[in-house]
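Undergrad: Dropping in start26.cif, which is mmCIF, C-alpha atoms:
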data_structure
loop_
_atom_site.label_atom_id
_atom_site.label_comp_id
_atom_site.auth_asym_id
_atom_site.auth_seq_id
_atom_site.Cartn_x
_atom_site.Cartn_y
_atom_site.Cartn_z
CA MET A 1 61.03 129.75 143.66
CA ALA A 2 63.53 127.13 142.61
CA GLU A 3 65.67 127.89 139.61
CA SER A 4 64.79 125.64 136.69
CA ARG A 5 67.68 123.81 135.05
CA SER A 6 67.58 122.35 131.59
CA LYS A 7 69.31 119.03 130.87
CA PRO A 8 72.67 119.39 129.14
CA THR A 9 72.44 118.71 125.44
CA LEU A 10 75.04 117.18 123.16
CA SER A 11 76.21 119.73 120.63
CA ARG A 12 76.02 118.83 116.95
CA ARG A 13 79.80 118.98 116.71
CA LYS A 14 80.26 116.59 119.64
CA PHE A 15 77.58 114.30 118.23
CA LEU A 16 79.36 114.14 114.88
CA LEU A 17 82.71 113.53 116.55
CA ALA A 18 81.23 110.73 118.67
CA GLY A 19 79.68 109.17 115.58
CA ALA A 20 82.94 109.38 113.66
CA ALA A 21 84.85 107.79 116.53
CA ALA A 22 82.33 104.95 116.73
CA GLY A 23 82.56 104.44 112.99
CA LEU A 24 86.33 104.34 113.08
CA SER A 25 86.22 101.86 115.96
CA VAL A 26 83.91 99.55 114.01
CA ALA A 27 86.06 99.93 110.88
CA ALA A 28 89.22 99.15 112.83
CA MET A 29 87.60 96.15 114.50
CA GLY A 30 86.38 94.93 111.13
CA ASP A 31 89.76 95.41 109.49
CA ILE A 32 91.51 93.51 112.29
CA GLY A 33 88.88 90.78 112.13
CA SER A 34 89.41 90.35 108.41
CA ARG A 35 93.15 89.70 108.74
CA ASP A 36 93.48 87.10 111.49
CA VAL A 37 92.97 83.56 110.17
CA VAL A 38 91.52 81.21 112.80
CA ILE A 39 92.18 77.48 112.52
CA GLU A 40 88.97 75.60 113.29
CA ARG A 41 89.75 71.99 114.23
CA ARG A 42 86.85 69.56 114.14
CA THR A 43 86.61 65.80 114.36
CA LEU A 44 83.43 64.74 112.57
CA THR A 45 81.80 61.36 113.06
CA LEU A 46 79.94 60.40 109.90
CA PRO A 47 77.41 57.55 109.59
CA LYS A 48 78.82 56.62 106.16
CA TRP A 49 82.59 56.78 106.25
CA ASP A 50 85.36 54.16 106.11
CA ALA A 51 88.57 56.21 105.77
CA LYS A 52 89.23 56.50 109.49
CA GLY A 53 91.26 59.53 110.52
CA PHE A 54 91.22 61.10 107.03
CA LYS A 55 92.40 64.71 107.44
CA ILE A 56 91.19 67.59 105.27
CA ALA A 57 92.33 71.21 105.13
CA LEU A 58 89.31 73.17 103.89
CA LEU A 59 89.45 76.69 102.45
CA ALA A 60 86.77 78.81 100.81
CA ASP A 61 86.04 82.25 99.41
CA LEU A 62 89.52 83.70 98.94
CA HIS A 63 88.12 86.68 96.98
CA LEU A 64 91.53 87.71 95.68
CA ARG A 65 90.85 91.34 94.80
CA ASP A 66 93.91 93.11 96.20
CA GLN A 67 97.30 92.48 97.78
CA VAL A 68 95.89 92.37 101.31
CA ALA A 69 93.49 89.57 100.35
CA ALA A 70 96.29 87.73 98.54
CA ASP A 71 98.60 87.97 101.56
CA ARG A 72 95.88 86.70 103.88
CA ALA A 73 95.08 83.79 101.54
CA ARG A 74 98.77 82.93 101.17
CA HIS A 75 99.11 82.77 104.95
CA ALA A 76 96.04 80.49 105.13
CA HIS A 77 97.59 78.15 102.56
CA GLU A 78 100.89 78.11 104.45
CA LEU A 79 98.97 77.07 107.57
CA ALA A 80 97.08 74.41 105.59
CA VAL A 81 100.26 72.86 104.16
CA ALA A 82 101.90 72.86 107.61
CA GLU A 83 99.04 70.69 108.91
CA LYS A 84 100.15 67.86 106.58
CA PRO A 85 96.60 66.85 105.64
CA ASP A 86 95.57 63.98 103.39
CA LEU A 87 93.76 66.43 101.11
CA ILE A 88 93.51 70.21 100.63
CA ILE A 89 90.13 71.43 99.36
CA ASN A 90 88.96 74.84 98.15
CA VAL A 91 85.21 75.21 97.62
CA GLY A 92 85.24 78.23 95.33
CA ASP A 93 85.23 82.00 94.85
CA PHE A 94 88.92 82.42 94.16
CA VAL A 95 88.19 85.96 92.94
CA SER A 96 85.47 88.57 93.39
CA LYS A 97 85.56 89.92 89.83
CA PHE A 98 88.44 88.89 87.62
CA GLN A 99 90.80 91.43 86.09
CA PRO A 100 94.16 90.65 84.44
CA MET A 101 96.06 91.98 87.48
CA HIS A 102 94.41 89.27 89.60
CA ARG A 103 96.59 86.59 88.02
CA ALA A 104 99.46 87.85 90.18
CA PHE A 105 97.25 87.70 93.28
CA ILE A 106 96.22 84.11 92.46
CA LYS A 107 99.82 83.05 91.96
CA HIS A 108 100.95 84.70 95.19
CA ALA A 109 98.11 83.20 97.24
CA LEU A 110 98.38 79.64 95.93
CA GLU A 111 102.17 79.35 95.76
CA PRO A 112 102.47 77.51 99.12
CA LEU A 113 100.49 74.60 97.63
CA HIS A 114 103.62 73.57 95.71
CA ASP A 115 104.98 72.38 99.06
CA ALA A 116 101.93 70.25 99.83
CA LYS A 117 102.55 66.51 100.05
CA CYS A 118 98.91 65.73 99.30
CA PRO A 119 96.45 66.25 96.42
CA CYS A 120 94.74 69.64 96.13
CA VAL A 121 91.24 69.88 94.68
CA GLY A 122 88.77 72.71 94.19
CA ILE A 123 85.62 73.97 92.53
CA LEU A 124 84.52 77.35 91.18
CA GLY A 125 82.01 79.59 92.94
CA ASN A 126 79.41 82.10 91.85
CA HIS A 127 81.89 85.01 91.86
CA ASP A 128 84.28 83.04 89.68
CA TYR A 129 81.43 82.70 87.18
CA GLY A 130 80.16 86.22 87.79
CA SER A 131 83.50 87.50 86.50
CA GLN A 132 82.22 86.46 83.03
CA VAL A 133 85.50 84.64 82.38
CA PRO A 134 85.34 81.47 84.52
CA GLU A 135 87.54 79.60 82.07
CA ILE A 136 90.30 82.18 82.65
CA VAL A 137 89.95 81.83 86.43
CA HIS A 138 90.08 78.05 85.98
CA ARG A 139 93.27 78.27 83.89
CA ALA A 140 94.85 80.85 86.18
CA VAL A 141 94.39 78.62 89.23
CA SER A 142 95.48 75.43 87.46
CA SER A 143 98.53 76.98 85.79
CA VAL A 144 100.13 78.36 88.96
CA SER A 145 99.28 75.62 91.46
CA PRO A 146 98.66 71.87 91.76
CA MET A 147 94.98 72.60 92.39
CA ASN A 148 92.75 70.26 90.36
CA ILE A 149 89.49 72.09 89.57
CA LEU A 150 86.48 69.79 89.22
CA VAL A 151 83.45 70.89 87.19
CA ASN A 152 80.79 68.18 87.48
CA GLU A 153 83.70 65.74 87.75
CA THR A 154 84.94 63.10 90.15
CA MET A 155 88.25 61.82 91.45
CA GLU A 156 89.58 59.31 93.98
CA VAL A 157 92.11 60.03 96.74
CA HIS A 158 93.32 57.26 99.06
CA GLY A 159 90.01 55.39 98.84
CA VAL A 160 87.91 58.55 99.17
CA SER A 161 85.57 59.50 96.32
CA ILE A 162 85.16 63.20 95.56
CA VAL A 163 82.63 64.93 93.33
CA GLY A 164 83.04 68.61 92.50
CA MET A 165 79.80 70.26 91.43
CA ASP A 166 79.48 73.20 89.07
CA ASP A 167 78.18 76.40 90.64
CA CYS A 168 74.50 76.22 91.57
CA LEU A 169 73.57 79.91 91.21
CA ILE A 170 75.15 80.89 87.90
CA SER A 171 76.23 77.73 86.06
CA ASN A 172 74.93 74.19 85.48
CA PRO A 173 75.45 71.59 88.19
CA ASP A 174 74.77 68.07 86.93
CA TRP A 175 73.28 66.20 89.87
CA ASN A 176 73.37 62.97 87.89
CA VAL A 177 77.15 62.88 88.35
CA PRO A 178 77.09 61.86 92.05
CA ARG A 179 74.49 59.22 91.15
CA GLU A 180 76.05 57.80 88.02
CA ARG A 181 78.10 54.97 89.53
CA ALA A 182 79.01 53.17 92.73
CA PHE A 183 81.37 55.47 94.61
CA SER A 184 83.40 54.66 97.69
CA ARG A 185 81.52 54.59 100.98
CA SER A 186 83.77 57.53 101.93
CA PHE A 187 82.21 60.06 99.54
CA LEU A 188 82.72 63.85 99.59
CA SER A 189 80.60 66.31 97.63
CA LEU A 190 82.00 69.80 97.01
CA VAL A 191 79.21 72.35 96.49
CA HIS A 192 79.88 76.08 96.76
CA GLU A 193 76.41 77.06 98.04
CA PRO A 194 75.42 74.99 101.11
CA ASP A 195 71.63 75.20 100.78
CA TYR A 196 71.80 72.98 97.67
CA VAL A 197 72.59 70.04 99.92
CA VAL A 198 69.03 68.89 99.19
CA HIS A 199 70.15 67.72 95.73
CA ASN A 200 72.83 65.31 96.89
CA PRO A 201 72.06 61.57 96.92
CA GLU A 202 72.02 59.86 100.30
CA THR A 203 75.19 57.98 99.37
CA VAL A 204 77.20 61.18 99.97
CA SER A 205 79.06 61.03 103.29
CA LEU A 206 79.71 64.76 103.67
CA GLN A 207 79.10 67.94 101.68
CA LEU A 208 81.69 70.71 102.01
CA SER A 209 80.64 74.30 101.21
CA GLY A 210 81.46 77.97 101.65
CA HIS A 211 79.68 80.99 100.10
CA SER A 212 78.13 82.32 103.31
CA HIS A 213 81.27 83.96 104.79
CA GLY A 214 79.57 83.02 108.05
CA GLY A 215 77.68 86.27 107.60
CA GLN A 216 80.97 88.26 107.49
CA ILE A 217 79.49 91.07 109.61
CA CYS A 218 77.84 89.53 112.64
CA LEU A 219 76.41 90.41 116.01
CA PRO A 220 78.30 89.29 119.12
CA GLY A 221 78.42 85.52 119.29
CA GLY A 222 78.77 85.23 115.53
CA HIS A 223 75.08 85.71 114.74
CA PRO A 224 74.88 86.84 111.09
CA ILE A 225 72.94 89.94 110.14
CA VAL A 226 72.44 88.73 106.57
CA THR A 227 73.73 85.92 104.37
CA PRO A 228 73.63 85.57 100.57
CA TYR A 229 71.08 83.52 98.67
CA GLY A 230 72.21 79.91 98.69
CA SER A 231 73.28 80.07 102.35
CA ARG A 232 70.15 81.23 104.13
CA LYS A 233 69.54 77.95 105.97
CA TYR A 234 73.11 76.74 106.47
CA VAL A 235 75.59 79.44 107.48
CA SER A 236 78.58 78.14 109.42
CA GLY A 237 79.88 74.97 111.01
CA PHE A 238 78.71 71.36 111.03
CA TYR A 239 75.13 70.31 110.28
CA PRO A 240 74.92 66.55 110.94
CA ASP A 241 71.14 66.50 110.38
CA ALA A 242 71.07 68.18 106.96
CA ASP A 243 69.89 66.07 104.00
CA VAL A 244 73.42 64.68 104.06
CA PRO A 245 75.97 65.77 106.70
CA LEU A 246 77.24 69.24 105.81
CA TYR A 247 80.12 71.48 106.87
CA VAL A 248 80.09 75.19 105.93
CA SER A 249 83.27 77.28 106.14
CA ARG A 250 83.25 80.98 107.01
CA GLY A 251 85.91 81.36 104.32
CA ILE A 252 89.02 83.50 104.10
CA GLY A 253 88.18 86.67 102.17
CA THR A 254 85.50 89.34 102.05
CA THR A 255 83.04 90.88 99.61
CA GLY A 256 81.56 94.35 99.81
CA PRO A 257 83.13 96.02 102.85
CA LYS A 258 86.56 94.64 103.62
CA TRP A 259 85.45 93.91 107.16
CA ARG A 260 84.75 90.88 109.27
CA ILE A 261 83.05 91.63 112.56
CA PHE A 262 82.61 88.81 115.12
CA CYS A 263 83.31 86.46 112.20
CA PRO A 264 87.04 85.83 111.61
CA PRO A 265 88.46 84.12 108.51
CA GLU A 266 88.53 80.35 108.83
CA LEU A 267 90.93 77.61 107.83
CA THR A 268 89.19 74.37 108.72
CA ILE A 269 91.02 71.19 109.67
CA LEU A 270 88.58 68.28 109.59
CA THR A 271 89.42 64.79 110.83
CA LEU A 272 86.79 62.35 109.61
CA GLN A 273 85.75 59.22 111.46
CA GLY A 274 83.11 56.58 110.77
CA GLY A 275 80.34 56.03 113.25
#
As structure tokens - that is how I would like this structure written.
TA:
Amino acid sequence: MAESRSKPTLSRRKFLLAGAAAGLSVAAMGDIGSRDVVIERRTLTLPKWDAKGFKIALLADLHLRDQVAADRARHAHELAVAEKPDLIINVGDFVSKFQPMHRAFIKHALEPLHDAKCPCVGILGNHDYGSQVPEIVHRAVSSVSPMNILVNETMEVHGVSIVGMDDCLISNPDWNVPRERAFSRSFLSLVHEPDYVVHNPETVSLQLSGHSHGGQICLPGGHPIVTPYGSRKYVSGFYPDADVPLYVSRGIGTTGPKWRIFCPPELTILTLQGG
């Protein structure tokens, strides 16, 4: 009679050790992925655009909550300034939740903008408002950098019209502002949450957004597991067939876990052409 042999079993101790090793590997991969800023270079052809070759450095979602985030954001701004763009844009969420110590992080992160040879413009995001002191975030950014924060306001840069909308989730965007007068044919709309593209008038050439973090923690290939409300339909990259053409940045910082998995931080360099 043949001797019966049972299949080897994994001991509880070995199982726990294997699980811990896998967890540490994921944590390490996420930590590495959160630090390395990738420059995404895109040339976009827009149906309504006259400022041929206009170059934008786009940043989003700095989430300045500690020194690591501030160092990463500072590096991203150094890279942006080195590109010598026509315009530097930040589409919101400078902080996660404001505390007095964050003023130092904001100053450190934005300091490279003093070397920019172009205008710098930004808007506030839902986390800036969720801090309960958006006016302090606004003042902190404006006092330490040349960043011009727009709240339902417009400006002109080298023949390009720009409207900066108030946050759509927590504050009061006034969608009459982009409709109130005849803007340049080259017309940018800055909206933190991309899904609100449906509210822009058709005269807008391009909406620029963040908020999604590209999913932040993704499956291989950059497929997001979950995205926040306001970025369920539009998550990352260029959407030429949205209500108006739309570009969504993965952003620089993180919320929740300080990880980015298959979704590195993004500094976007956009060159805009008419077509």
Undergrad: Please, which residues in stretch 29-77 of chain A fall within 8 Å of stretch 234-256 of chain A when counting all atoms listed in the file, and what is the closest atom pair and distance in Å to one decimal for each, ordered by chain then residue number, as a Markdown table?
TA:
| residue | atom | partner | partner_atom | distance |
| --- | --- | --- | --- | --- |
| A:Ser34 | CA | A:Gly253 | CA | 7.3 |
| A:Val37 | CA | A:Ile252 | CA | 7.2 |
| A:Leu46 | CA | A:Pro245 | CA | 7.4 |
| A:Leu58 | CA | A:Ser249 | CA | 7.6 |
| A:Leu59 | CA | A:Gly251 | CA | 6.2 |
| A:Ala60 | CA | A:Gly251 | CA | 4.4 |
| A:Asp61 | CA | A:Gly251 | CA | 5.0 |
| A:Leu62 | CA | A:Gly253 | CA | 4.6 |
| A:His63 | CA | A:Gly253 | CA | 5.2 |
| A:Leu64 | CA | A:Gly253 | CA | 7.4 |
| A:Ala69 | CA | A:Gly253 | CA | 6.3 |
| A:Arg72 | CA | A:Ile252 | CA | 7.6 |
| A:Ala73 | CA | A:Ile252 | CA | 6.6 |
| A:Ala76 | CA | A:Ile252 | CA | 7.7 |
Undergrad: Applying the PyMOL selection byres ((chain A and resi 136-142) around 10) to the file I just gave you, which residues come out? Please list them as an MDAnalysis selection string.
TA: chainID A and resid 93:95 97:100 102:104 106:107 109:110 122:124 128:129 131:135 143:151
Undergrad: Find the residues around A:Gly164 up to 7 Å (only C-alpha atoms counted), leave out those fewer than 2 positions away in its own chain, and share them as a list in words.
TA: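 Final neighbour list, sorted by chain and number: Ile123, Leu150, Val151, Asn152, Glu153, Thr154, Ile162, Asp166, Ser189, Leu190 and Val191 of chain A.
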Undergrad: Can you list, as an MDAnalysis selection string, the residues that the PyMOL selection byres ((chain A and resi 217) around 12) selects here?
TA: chainID A and resid 26:27 29:31 33:34 212:216 218:227 250 254:265
Undergrad: Name the residues that the PyMOL selection byres ((chain A and resi 81) around 9) picks from the file above, as a list in words, using the file's chain letters and numbers.
TA: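 With the PyMOL selection byres ((chain A and resi 81) around 9) on this model, the match is Ala57, Ala76, His77, Glu78, Leu79, Ala80, Ala82, Glu83, Lys84, Pro85, Ile88, Pro112, Leu113, Asp115, Ala116, Lys117 and Cys118 of chain A.
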Undergrad: Calculated over all atoms listed in the file, which of the candidates A:Ser205, A:Ile170, A:Leu267, A:Glu180 has the smallest distance to A:Ile56?
TA: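 The shortest atom-to-atom distance to A:Ile56 comes from A:Leu267.
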Undergrad: Given the point (77.1, 53.0, 102.9) in the coordinates of this file, which residues lie within 8 Å, counting all atoms listed in the file, and how would they look as a PDB file with C-alpha atoms, keeping the file's coordinate frame?
TA:
ATOM      1  CA  LYS A  48      78.820  56.620 106.160  1.00  0.00           C
ATOM      2  CA  TRP A  49      82.590  56.780 106.250  1.00  0.00           C
ATOM      3  CA  ARG A 185      81.520  54.590 100.980  1.00  0.00           C
ATOM      4  CA  THR A 203      75.190  57.980  99.370  1.00  0.00           C
TER       5      THR A 203
END
Undergrad: Quick one: pull the distance between atom CA of A:Ser161 and atom CA of A:Arg41, Å, one decimal.
TA: 22.2 Å
Undergrad: So how far away is atom CA of A:Ser209 from atom CA of A:Arg74, in Å?
TA: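 Taking atom CA of A:Arg74 and atom CA of A:Ser209, their separation equals 20.1 Å.
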Undergrad: Smallest atom-to-atom distance to A:Val160: which of A:Lys52, A:His211, A:Arg42, A:Arg232, using all atoms listed in the file?
TA: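 For A:Val160, the nearest of the given residues is A:Lys52.
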Undergrad: Find the residues around A:Gly159 up to 9 Å (only C-alpha atoms counted), leave out those fewer than 6 positions away in its own chain, and share them as a ChimeraX atom specification.
TA: /A:50-51,184-186
Undergrad: Nearest to A:Tyr196: which of A:Pro178, A:Gly275, A:Pro173, A:Gly92 is it, counting all atoms listed in the file?
TA: A:Pro173
Undergrad: Residues within 9 Å of A:Lys233, please, as an NGL selection string. Count all atoms listed in the file; anything in the same chain fewer than 2 positions from it doesn't count.
TA: :A and (194-195 or 230-231 or 235)
Undergrad: What is the distance between atom CA of A:His127 and atom CA of A:Asp66, in Å to one decimal?
TA: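 Spanning atom CA of A:His127 to atom CA of A:Asp66 is a straight-line distance of 15.1 Å.
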Undergrad: Find the residue from A:Leu208, A:Val121, A:Ala70, A:Leu169 that sits nearest to A:Leu188; use all atoms listed in the file when measuring.
TA: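 Under the stated criterion, the closest residue is A:Leu208.
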Undergrad: Which residue gives the smallest distance to A:Thr43 among A:Lys55, A:Asp71, A:Phe183, A:Glu202, with only C-alpha atoms counted?
TA: A:Lys55
Undergrad: Measuring atom to atom with all atoms listed in the file, identify which of A:Glu111, A:Asp36, A:Glu266, A:Glu156 is nearest to A:Phe187.
TA: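 Among the listed residues, the smallest separation from A:Phe187 belongs to A:Glu156.
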Undergrad: Mind filling out stretch 169-205 of chain A with N, CA and C atoms and sending it as a short mmCIF file (atom, residue, chain, number, x, y, z; two decimals), in the coordinates of the input?
TA:
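Output saved as rebuild.cif:
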data_model
loop_
_atom_site.label_atom_id
_atom_site.label_comp_id
_atom_site.auth_asym_id
_atom_site.auth_seq_id
_atom_site.Cartn_x
_atom_site.Cartn_y
_atom_site.Cartn_z
N LEU A 169 74.30 78.66 91.45
CA LEU A 169 73.57 79.91 91.21
C LEU A 169 73.70 80.41 89.78
N ILE A 170 74.89 80.25 89.19
CA ILE A 170 75.15 80.89 87.90
C ILE A 170 75.42 79.89 86.79
N SER A 171 75.88 78.67 87.12
CA SER A 171 76.23 77.73 86.06
C SER A 171 75.29 76.53 86.08
N ASN A 172 75.80 75.34 85.74
CA ASN A 172 74.93 74.19 85.48
C ASN A 172 75.40 72.93 86.21
N PRO A 173 75.08 72.81 87.48
CA PRO A 173 75.45 71.59 88.19
C PRO A 173 74.69 70.39 87.63
N ASP A 174 75.39 69.30 87.43
CA ASP A 174 74.77 68.07 86.93
C ASP A 174 74.65 67.09 88.09
N TRP A 175 73.48 67.04 88.68
CA TRP A 175 73.28 66.20 89.87
C TRP A 175 73.19 64.72 89.55
N ASN A 176 73.27 64.38 88.24
CA ASN A 176 73.37 62.97 87.89
C ASN A 176 74.77 62.43 88.17
N VAL A 177 75.77 63.32 88.19
CA VAL A 177 77.15 62.88 88.35
C VAL A 177 77.35 62.13 89.67
N PRO A 178 76.88 62.63 90.82
CA PRO A 178 77.09 61.86 92.05
C PRO A 178 76.21 60.61 92.15
N ARG A 179 75.36 60.40 91.15
CA ARG A 179 74.49 59.22 91.15
C ARG A 179 74.88 58.20 90.09
N GLU A 180 75.87 58.55 89.25
CA GLU A 180 76.05 57.80 88.02
C GLU A 180 76.74 56.45 88.20
N ARG A 181 77.43 56.26 89.34
CA ARG A 181 78.10 54.97 89.53
C ARG A 181 78.25 54.70 91.02
N ALA A 182 78.79 53.54 91.32
CA ALA A 182 79.01 53.17 92.73
C ALA A 182 80.30 53.80 93.21
N PHE A 183 80.20 54.83 94.05
CA PHE A 183 81.37 55.47 94.61
C PHE A 183 81.77 54.79 95.91
N SER A 184 82.93 55.16 96.40
CA SER A 184 83.40 54.66 97.69
C SER A 184 82.39 55.02 98.78
N ARG A 185 82.37 54.25 99.83
CA ARG A 185 81.52 54.59 100.98
C ARG A 185 81.97 55.91 101.60
N SER A 186 83.26 56.23 101.49
CA SER A 186 83.77 57.53 101.93
C SER A 186 83.66 58.49 100.75
N PHE A 187 82.61 59.34 100.74
CA PHE A 187 82.21 60.06 99.54
C PHE A 187 81.97 61.53 99.89
N LEU A 188 82.82 62.41 99.35
CA LEU A 188 82.72 63.85 99.59
C LEU A 188 82.08 64.55 98.39
N SER A 189 81.20 65.49 98.67
CA SER A 189 80.60 66.31 97.63
C SER A 189 80.98 67.77 97.89
N LEU A 190 81.58 68.41 96.89
CA LEU A 190 82.00 69.80 97.01
C LEU A 190 80.98 70.67 96.28
N VAL A 191 80.29 71.52 97.03
CA VAL A 191 79.21 72.35 96.49
C VAL A 191 79.39 73.75 97.07
N HIS A 192 79.57 74.75 96.23
CA HIS A 192 79.88 76.08 96.76
C HIS A 192 78.78 76.60 97.69
N GLU A 193 77.52 76.53 97.25
CA GLU A 193 76.41 77.06 98.04
C GLU A 193 75.79 75.96 98.90
N PRO A 194 75.82 76.10 100.22
CA PRO A 194 75.42 74.99 101.11
C PRO A 194 73.95 74.59 101.03
N ASP A 195 73.05 75.53 100.75
CA ASP A 195 71.63 75.20 100.78
C ASP A 195 71.23 74.17 99.72
N TYR A 196 72.10 73.96 98.73
CA TYR A 196 71.80 72.98 97.67
C TYR A 196 72.12 71.56 98.10
N VAL A 197 72.37 71.37 99.37
CA VAL A 197 72.59 70.04 99.92
C VAL A 197 71.41 69.12 99.64
N VAL A 198 70.24 69.69 99.44
CA VAL A 198 69.03 68.89 99.19
C VAL A 198 69.13 68.07 97.92
N HIS A 199 70.04 68.43 97.01
CA HIS A 199 70.15 67.72 95.73
C HIS A 199 71.11 66.53 95.78
N ASN A 200 71.88 66.40 96.83
CA ASN A 200 72.83 65.31 96.89
C ASN A 200 72.14 63.98 97.18
N PRO A 201 72.61 62.89 96.58
CA PRO A 201 72.06 61.57 96.92
C PRO A 201 72.49 61.17 98.32
N GLU A 202 71.75 60.27 98.92
CA GLU A 202 72.02 59.86 100.30
C GLU A 202 73.32 59.08 100.43
N THR A 203 73.91 58.68 99.32
CA THR A 203 75.19 57.98 99.37
C THR A 203 76.36 58.90 99.73
N VAL A 204 76.15 60.23 99.63
CA VAL A 204 77.20 61.18 99.97
C VAL A 204 77.44 61.15 101.48
N SER A 205 78.70 61.06 101.87
CA SER A 205 79.06 61.03 103.29
C SER A 205 79.06 62.41 103.91
#
